[in-house]
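Novice: What follows is input-v3.cif, made up of mmCIF, C-alpha atoms:
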data_coords
#
loop_
_atom_site.label_atom_id
_atom_site.label_comp_id
_atom_site.auth_asym_id
_atom_site.auth_seq_id
_atom_site.Cartn_x
_atom_site.Cartn_y
_atom_site.Cartn_z
CA MET A 1 11.45 11.19 -1.99
CA VAL A 2 8.58 10.62 0.43
CA ASP A 3 8.96 9.18 3.91
CA ALA A 4 6.14 6.72 4.53
CA ASN A 5 6.31 7.17 8.30
CA PRO A 6 8.43 10.13 9.40
CA VAL A 7 9.53 9.87 13.05
CA PRO A 8 9.74 11.02 15.74
CA LEU A 9 6.51 12.99 15.93
CA THR A 10 7.06 15.61 18.60
CA ALA A 11 4.36 18.27 18.10
CA THR A 12 1.07 18.25 19.97
CA PRO A 13 -2.04 17.82 17.79
CA GLU A 14 -2.79 21.55 18.06
CA ALA A 15 0.76 22.54 17.18
CA ALA A 16 0.83 20.00 14.35
CA SER A 17 -2.35 21.45 12.85
CA ARG A 18 -0.91 24.96 13.00
CA LEU A 19 2.41 23.92 11.45
CA MET A 20 0.71 22.01 8.63
CA ARG A 21 -1.48 24.98 7.74
CA TRP A 22 1.47 27.38 7.71
CA ALA A 23 3.49 24.97 5.57
CA SER A 24 0.71 24.75 2.98
CA ILE A 25 0.33 28.56 2.90
CA ALA A 26 4.10 29.01 2.49
CA SER A 27 4.09 26.49 -0.33
CA MET A 28 1.34 28.32 -2.23
CA THR A 29 3.09 31.67 -1.75
CA VAL A 30 6.43 30.44 -3.09
CA ALA A 31 4.77 28.76 -6.07
CA THR A 32 2.88 31.94 -6.97
CA VAL A 33 6.01 34.08 -6.89
CA LEU A 34 7.99 31.59 -8.98
CA ILE A 35 5.25 31.23 -11.59
CA ALA A 36 5.28 34.99 -12.18
CA ALA A 37 9.09 35.15 -12.39
CA LYS A 38 9.45 32.10 -14.63
CA THR A 39 6.72 33.24 -17.00
CA VAL A 40 8.64 36.44 -17.65
CA ALA A 41 11.93 34.52 -17.99
CA TRP A 42 10.42 32.01 -20.45
CA LEU A 43 8.97 34.77 -22.65
CA ILE A 44 12.36 36.49 -22.74
CA THR A 45 14.64 33.47 -23.18
CA ASP A 46 12.39 31.13 -25.23
CA SER A 47 14.05 28.27 -23.36
CA VAL A 48 12.39 24.85 -23.23
CA SER A 49 14.10 24.04 -19.95
CA MET A 50 12.72 27.30 -18.48
CA LEU A 51 9.30 26.26 -19.80
CA SER A 52 9.77 22.92 -18.04
CA SER A 53 10.58 24.76 -14.83
CA LEU A 54 7.52 27.00 -15.29
CA ILE A 55 5.31 23.93 -15.77
CA ASP A 56 6.78 22.39 -12.62
CA SER A 57 6.07 25.55 -10.60
CA ALA A 58 2.51 25.72 -11.96
CA LEU A 59 2.03 22.14 -10.81
CA ASP A 60 3.57 23.07 -7.47
CA LEU A 61 0.82 25.64 -7.04
CA VAL A 62 -1.91 23.17 -8.02
CA SER A 63 -0.43 20.56 -5.68
CA SER A 64 -0.12 23.09 -2.87
CA LEU A 65 -3.76 24.06 -3.28
CA ILE A 66 -4.72 20.37 -3.15
CA THR A 67 -2.53 19.95 -0.06
CA PHE A 68 -4.13 22.96 1.63
CA VAL A 69 -7.65 21.61 1.05
CA ALA A 70 -6.62 18.07 2.05
CA ILE A 71 -5.03 19.25 5.30
CA ARG A 72 -8.13 21.21 6.25
CA GLN A 73 -10.22 18.10 5.64
CA ALA A 74 -7.78 15.72 7.34
CA LEU A 75 -7.81 17.80 10.53
CA VAL A 76 -11.60 17.67 10.84
CA PRO A 77 -12.44 15.62 13.99
CA PRO A 78 -14.23 12.25 13.64
CA ASP A 79 -17.98 12.46 13.16
CA GLU A 80 -20.92 10.06 12.94
CA ASP A 81 -20.15 9.17 9.33
CA HIS A 82 -16.37 9.01 9.72
CA ARG A 83 -15.67 7.34 13.05
CA PHE A 84 -11.97 6.91 12.25
CA GLY A 85 -11.52 10.55 11.27
CA HIS A 86 -10.68 12.14 7.92
CA GLY A 87 -6.91 11.51 7.86
CA LYS A 88 -6.93 9.68 4.52
CA ALA A 89 -7.70 12.97 2.79
CA GLU A 90 -3.93 13.52 2.89
CA ALA A 91 -3.30 10.29 0.99
CA LEU A 92 -5.94 11.23 -1.59
CA ALA A 93 -4.11 14.52 -2.09
CA GLY A 94 -0.88 12.59 -2.59
CA VAL A 95 -2.46 10.48 -5.33
CA ALA A 96 -3.76 13.62 -7.04
CA GLN A 97 -0.29 15.20 -6.83
CA ALA A 98 1.29 12.11 -8.35
CA GLY A 99 -1.16 12.28 -11.25
CA PHE A 100 -0.44 15.94 -11.94
CA ILE A 101 3.32 15.38 -11.80
CA ALA A 102 3.16 12.38 -14.14
CA ALA A 103 1.03 14.34 -16.62
CA SER A 104 3.48 17.25 -16.58
CA SER A 105 6.36 14.86 -17.20
CA GLY A 106 4.63 13.45 -20.28
CA GLY A 107 3.72 16.90 -21.58
CA LEU A 108 7.28 18.08 -21.15
CA VAL A 109 8.61 15.15 -23.17
CA LEU A 110 6.26 16.11 -26.02
CA THR A 111 7.56 19.69 -25.87
CA VAL A 112 11.16 18.47 -26.02
CA ILE A 113 10.35 16.36 -29.08
CA ASP A 114 8.73 19.32 -30.82
CA ARG A 115 11.69 21.61 -30.09
CA PHE A 116 14.11 18.90 -31.22
CA LEU A 117 12.34 18.85 -34.60
CA HIS A 118 12.22 22.68 -34.72
CA PRO A 119 15.29 23.95 -32.79
CA ARG A 120 15.68 27.59 -31.76
CA PRO A 121 18.56 29.18 -29.83
CA VAL A 122 18.21 30.35 -26.20
CA GLN A 123 18.19 34.13 -25.74
CA GLU A 124 19.08 36.44 -22.82
CA GLU A 125 20.58 33.63 -20.78
CA LEU A 126 21.39 35.94 -17.83
CA VAL A 127 17.68 36.55 -17.22
CA GLY A 128 17.05 32.82 -17.07
CA ALA A 129 20.02 32.25 -14.77
CA ALA A 130 18.88 35.05 -12.43
CA VAL A 131 15.36 33.67 -12.18
CA SER A 132 16.74 30.19 -11.57
CA ALA A 133 18.89 31.57 -8.75
CA LEU A 134 15.84 33.23 -7.17
CA ALA A 135 13.92 29.96 -7.46
CA ILE A 136 16.77 28.00 -5.86
CA VAL A 137 16.87 30.30 -2.82
CA LEU A 138 13.10 30.41 -2.27
CA THR A 139 12.71 26.65 -2.78
CA LEU A 140 15.56 25.85 -0.39
CA VAL A 141 14.05 28.00 2.37
CA LEU A 142 10.65 26.38 1.84
CA MET A 143 12.12 22.87 1.88
CA LEU A 144 13.90 23.56 5.19
CA PHE A 145 10.61 24.69 6.72
CA GLN A 146 8.80 21.66 5.29
CA ASN A 147 11.47 19.35 6.71
CA HIS A 148 10.84 20.87 10.13
CA VAL A 149 7.07 20.42 9.77
CA VAL A 150 7.38 16.79 8.63
CA ARG A 151 9.68 15.96 11.56
CA GLN A 152 7.21 17.52 13.98
CA THR A 153 3.95 16.22 12.48
CA GLY A 154 4.65 13.24 10.20
CA SER A 155 2.19 14.74 7.68
CA LEU A 156 1.97 12.70 4.47
CA ALA A 157 0.57 15.66 2.52
CA ILE A 158 3.43 17.96 3.53
CA SER A 159 5.91 15.15 2.89
CA ALA A 160 4.51 14.73 -0.63
CA ASP A 161 4.64 18.49 -1.18
CA ARG A 162 8.24 18.52 0.03
CA ALA A 163 9.09 15.75 -2.45
CA HIS A 164 7.58 17.84 -5.21
CA TYR A 165 9.63 20.89 -4.21
CA THR A 166 12.74 18.72 -3.99
CA THR A 167 12.30 17.94 -7.68
CA ASP A 168 11.73 21.65 -8.26
CA PHE A 169 14.96 22.47 -6.44
CA VAL A 170 17.01 20.09 -8.60
CA ASN A 171 15.11 21.33 -11.63
CA ASN A 172 16.01 24.97 -10.93
CA ILE A 173 19.70 24.16 -10.61
CA ALA A 174 19.71 22.13 -13.82
CA VAL A 175 17.74 24.76 -15.74
CA GLY A 176 20.03 27.60 -14.69
CA ILE A 177 23.13 25.68 -15.77
CA GLY A 178 21.46 24.40 -18.94
CA ILE A 179 20.30 27.84 -20.11
CA TYR A 180 23.71 29.37 -19.49
CA LEU A 181 25.67 26.63 -21.27
CA SER A 182 23.20 26.34 -24.13
CA SER A 183 23.48 30.05 -24.87
CA ARG A 184 27.23 30.37 -24.34
CA LEU A 185 28.09 27.33 -26.42
CA GLY A 186 25.40 27.97 -29.03
CA GLU A 187 24.07 24.43 -28.64
CA PRO A 188 20.24 24.19 -28.22
CA MET A 189 20.52 20.45 -27.52
CA ILE A 190 21.91 21.21 -24.04
CA ASP A 191 18.68 23.02 -23.20
CA LEU A 192 16.65 20.09 -24.48
CA ALA A 193 18.77 17.56 -22.60
CA VAL A 194 18.16 19.43 -19.34
CA ALA A 195 14.41 19.55 -19.99
CA LEU A 196 14.36 15.82 -20.74
CA GLY A 197 16.26 15.11 -17.52
CA VAL A 198 13.72 17.18 -15.57
CA ALA A 199 10.91 15.14 -17.16
CA GLY A 200 12.52 11.92 -15.95
CA TYR A 201 13.00 13.32 -12.47
CA LEU A 202 9.34 14.40 -12.35
CA ALA A 203 8.27 10.88 -13.34
CA ALA A 204 10.36 9.41 -10.52
CA GLY A 205 8.81 11.87 -8.07
CA ALA A 206 5.30 10.94 -9.22
CA TRP A 207 6.05 7.27 -8.61
CA SER A 208 7.41 7.92 -5.12
CA ILE A 209 4.47 10.10 -4.05
CA GLY A 210 1.87 7.79 -5.56
CA ARG A 211 3.36 4.65 -4.02
CA VAL A 212 3.36 6.00 -0.46
CA SER A 213 -0.12 7.51 -0.79
CA ILE A 214 -1.59 4.27 -2.11
CA ASP A 215 0.06 2.38 0.75
CA VAL A 216 -1.89 4.55 3.19
CA LEU A 217 -5.15 4.19 1.28
CA MET A 218 -4.67 0.41 1.21
CA ASP A 219 -4.03 0.33 5.00
CA ARG A 220 -0.43 -0.84 4.74
CA GLU A 221 1.03 -1.96 8.05
CA LEU A 222 3.31 0.34 10.02
CA PRO A 223 7.05 -0.28 9.46
CA ALA A 224 8.45 -3.53 10.84
CA GLN A 225 10.46 -1.72 13.52
CA ASP A 226 7.30 -0.06 14.87
CA ARG A 227 5.42 -3.37 14.95
CA GLN A 228 8.30 -5.02 16.79
CA LYS A 229 8.41 -2.10 19.23
CA ILE A 230 4.72 -2.63 20.02
CA ILE A 231 5.25 -6.37 20.57
CA ASP A 232 8.24 -5.69 22.84
CA ILE A 233 6.30 -3.16 24.93
CA VAL A 234 3.39 -5.56 25.45
CA SER A 235 5.57 -8.64 26.03
CA ARG A 236 7.56 -6.89 28.76
CA HIS A 237 4.39 -5.92 30.61
CA PRO A 238 3.93 -7.93 33.86
CA GLY A 239 1.09 -10.39 33.58
CA VAL A 240 1.00 -10.60 29.79
CA ARG A 241 1.76 -14.13 28.60
CA ASN A 242 1.57 -13.55 24.88
CA VAL A 243 0.50 -11.15 22.15
CA HIS A 244 -0.94 -12.01 18.73
CA ASP A 245 -3.13 -10.74 15.88
CA LEU A 246 -1.34 -7.37 15.81
CA ARG A 247 -2.81 -5.12 13.12
CA THR A 248 -1.67 -1.59 12.38
CA ARG A 249 -2.33 1.18 9.89
CA SER A 250 -2.15 4.96 9.65
CA ALA A 251 -4.35 7.79 8.38
CA GLY A 252 -3.19 11.38 8.54
CA LEU A 253 -1.74 12.14 11.95
CA THR A 254 -3.31 9.07 13.57
CA GLN A 255 -1.97 5.53 13.86
CA PHE A 256 -4.38 2.68 14.54
CA ILE A 257 -3.15 -0.32 16.55
CA GLN A 258 -5.23 -3.44 17.21
CA LEU A 259 -3.95 -6.50 19.07
CA HIS A 260 -4.87 -9.46 21.30
CA VAL A 261 -3.06 -10.06 24.60
CA VAL A 262 -3.10 -13.37 26.46
CA LEU A 263 -3.59 -13.20 30.24
CA HIS A 264 -3.95 -15.93 32.88
CA PRO A 265 -7.37 -17.65 32.58
CA ASN A 266 -8.02 -17.44 36.33
CA MET A 267 -7.54 -13.66 36.42
CA SER A 268 -10.69 -11.81 37.51
CA LEU A 269 -12.54 -9.67 34.99
CA GLY A 270 -11.76 -6.56 36.98
CA ARG A 271 -8.06 -7.39 37.11
CA ALA A 272 -7.99 -8.20 33.39
CA HIS A 273 -9.60 -4.85 32.63
CA VAL A 274 -6.98 -3.01 34.68
CA MET A 275 -4.22 -4.95 32.92
CA GLY A 276 -5.67 -4.11 29.53
CA ASP A 277 -5.82 -0.41 30.35
CA SER A 278 -2.23 -0.54 31.57
CA VAL A 279 -1.03 -2.16 28.35
CA GLU A 280 -2.91 0.40 26.24
CA ALA A 281 -1.35 3.23 28.23
CA ALA A 282 2.15 1.81 27.68
CA ILE A 283 1.56 1.65 23.90
CA ARG A 284 0.16 5.19 23.80
CA GLU A 285 3.19 6.46 25.69
CA ALA A 286 5.40 5.19 22.86
CA PHE A 287 2.91 6.16 20.13
CA PRO A 288 1.18 9.31 21.45
CA ARG A 289 -1.10 9.73 18.43
CA ALA A 290 -2.25 6.13 18.26
CA GLU A 291 -5.73 4.79 18.80
CA VAL A 292 -5.36 1.40 20.49
CA ILE A 293 -7.94 -1.38 20.41
CA LEU A 294 -6.99 -4.25 22.70
CA HIS A 295 -8.72 -7.62 23.12
CA VAL A 296 -7.98 -9.81 26.15
CA ASP A 297 -7.71 -13.61 25.65
CA PRO A 298 -7.40 -16.34 28.31
CA TYR A 299 -4.15 -18.28 28.27
CA VAL A 300 -4.48 -21.79 26.78
CA ASP A 301 -1.37 -23.96 26.30
CA ASP A 302 -2.57 -25.77 23.20
CA ASP A 303 -4.22 -22.72 21.55
CA PRO A 304 -2.31 -22.13 18.26
CA SER A 305 -3.39 -18.49 18.22
CA ALA A 306 -1.33 -17.88 21.35
CA GLU A 307 1.92 -18.88 19.69
#
Turn this file's structure into structure tokens for me.
Specialist:
Amino acid sequence: MVDANPVPLTATPEAASRLMRWASIASMTVATVLIAAKTVAWLITDSVSMLSSLIDSALDLVSSLITFVAIRQALVPPDEDHRFGHGKAEALAGVAQAGFIAASSGGLVLTVIDRFLHPRPVQEELVGAAVSALAIVLTLVLMLFQNHVVRQTGSLAISADRAHYTTDFVNNIAVGIGIYLSSRLGEPMIDLAVALGVAGYLAAGAWSIGRVSIDVLMDRELPAQDRQKIIDIVSRHPGVRNVHDLRTRSAGLTQFIQLHVVLHPNMSLGRAHVMGDSVEAAIREAFPRAEVILHVDPYVDDDPSAE
């Protein structure tokens, strides 16, 4: 669904900003086109599964608008009131997306129940299948572009938007098949079953997006492999006797790394400062977008914090 920490991040900050903006614009464009096409298809076919797909595309547009605004805010440089930047705007957008998706899932279930109590046959199934095919192609192209952007930037907002379009992609395939079979076999329950399956898939997507976004808002640590990589880099550095109190988190494109390093107690202040700068540089080389805060401690054999 959503990658909590996509790696590696290869784009420069300027290139990442540009890619993220283009990805959000592409997402809004695709959603707008699909809403128009699916509205026509729903009015012609009277299919609940096509209605479910239309609802999903409408939510895609809302989510894409939220993503666009969040990205613009997240890329604003730090200021006097936000010393750590505005990166968490992406996570806030993810929570909003999760809420919209969950609400659409619940609304779709209510629609399925109503149509189950008052069944009607699907009409003009070829129109529905054609629109589903168009949606599949456009969504696949968009997802490929979003994959590229996420690999380059690690953007949580684009990753959440990609997860939403992944559900849309599966939805479009299921709807096309469901409409065709429901009409050909004269069995409206197939259409309803597809719509109900889409509702479940939307609920799963909402959970995935919400969980990752909340992790960022709650300052969850970076993955264990990244933490171990930081410890290994520092421990291998000449002159460092130990490392402890490592704390990490992420917000938008930036990772924050705080740690204590233990140096020899007889080392001069000037030498300790040079060593600290060297350690910070080594960490930034491995994590180019990280802000590193390093505290130097004297080495004490019986100090439990140095274990």
Novice: Point out the residue among A:Ile283, A:Leu43, A:Val292, A:Ala23 with the least atom-to-atom distance to Thr254 of chain A, counting all atoms listed in the file.
Specialist: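 Smallest distance to Thr254 of chain A is found for A:Val292.
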Novice: Residues within 9 Å of Leu142 of chain A, please, as a list in words. Count only C-alpha atoms; anything in the same chain fewer than 3 positions from it doesn't count.
Specialist: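 Non-adjacent residues within range: Ala23, Ala26, Ser27, Val30, Val137, Leu138, Thr139, Phe145, Gln146, Asn147, Arg162 and Tyr165 of chain A.
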Novice: Could you tell me which residues the PyMOL selection byres ((chain A and resi 231-233) around 10) returns for this structure, as an MDAnalysis selection string?
Specialist: chainID A and resid 225:230 234:237 242:244 246 259 261 279:280 282:283 286
Novice: Would you kindly translate the PyMOL selection byres ((chain A and resi 89) around 9) into the concrete residues it picks from this file, as a PyMOL selection string?
Specialist: chain A and resi 69-74+86-88+90-94+157+251-252
Novice: I'd like the interatomic distance between atom CA of Arg271 of chain A and atom CA of Asp297 of chain A, to a tenth of an Å.
Specialist: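 Taking atom CA of Arg271 of chain A and atom CA of Asp297 of chain A, their separation equals 13.0 Å.
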Novice: Any idea what's packed within 8 Å of Leu34 of chain A, counting only C-alpha atoms, ignoring anything in its chain fewer than 5 positions away? Could you give it as a PyMOL selection string?
Specialist: chain A and resi 54+57+135
Novice: Write out as a ChimeraX atom specification each polymer residue whose atoms come within 12 Å of Ala163 of chain A, counting all atoms listed in the file; drop sequence neighbours fewer than 4 positions from it.
Specialist: /A:1-4,60,63-64,94,97-98,101,139,142-144,146-147,150,156-159,167-170,201-210,212
Novice: Taking all atoms listed in the file into account, name the residue in A:Met189, A:Ile44, A:Val274, A:Leu51 that is nearest to Val127 of chain A.
Specialist: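 That would be A:Ile44, the residue with the smallest distance to Val127 of chain A.
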Novice: Please evaluate the PyMOL selection byres ((chain A and resi 264) around 9) against the structure above and give the resulting residues as a PyMOL selection string.
Specialist: chain A and resi 239-241+262-263+265-267+272+297-300
Novice: Using only C-alpha atoms, find the one residue out of A:Ala133, A:Val95, A:Ile293, A:Ala36 that sits nearest to Gly276 of chain A.
Specialist: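 Among the listed residues, A:Ile293 lies closest to Gly276 of chain A.
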Novice: Skipping near chain neighbours, those fewer than 2 positions away, what residues fall within 9 Å of Glu291 of chain A using all atoms listed in the file, listed as a ChimeraX atom specification?
Specialist: /A:254-258,284,287-289,293
Novice: Given the choices A:Val296, A:Ala290, A:Ile173, A:Ala58, which gets closest to Leu134 of chain A if the distance is worked out from only C-alpha atoms?
Specialist: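 Residue with the minimum atom-to-atom distance to Leu134 of chain A: A:Ile173.
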Novice: Could you jot down the atom CA of Leu192 of chain A to atom CA of Leu140 of chain A separation for me, Å, one decimal place?
Specialist: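 We find that atom CA of Leu192 of chain A and atom CA of Leu140 of chain A lie 24.8 Å from each other.
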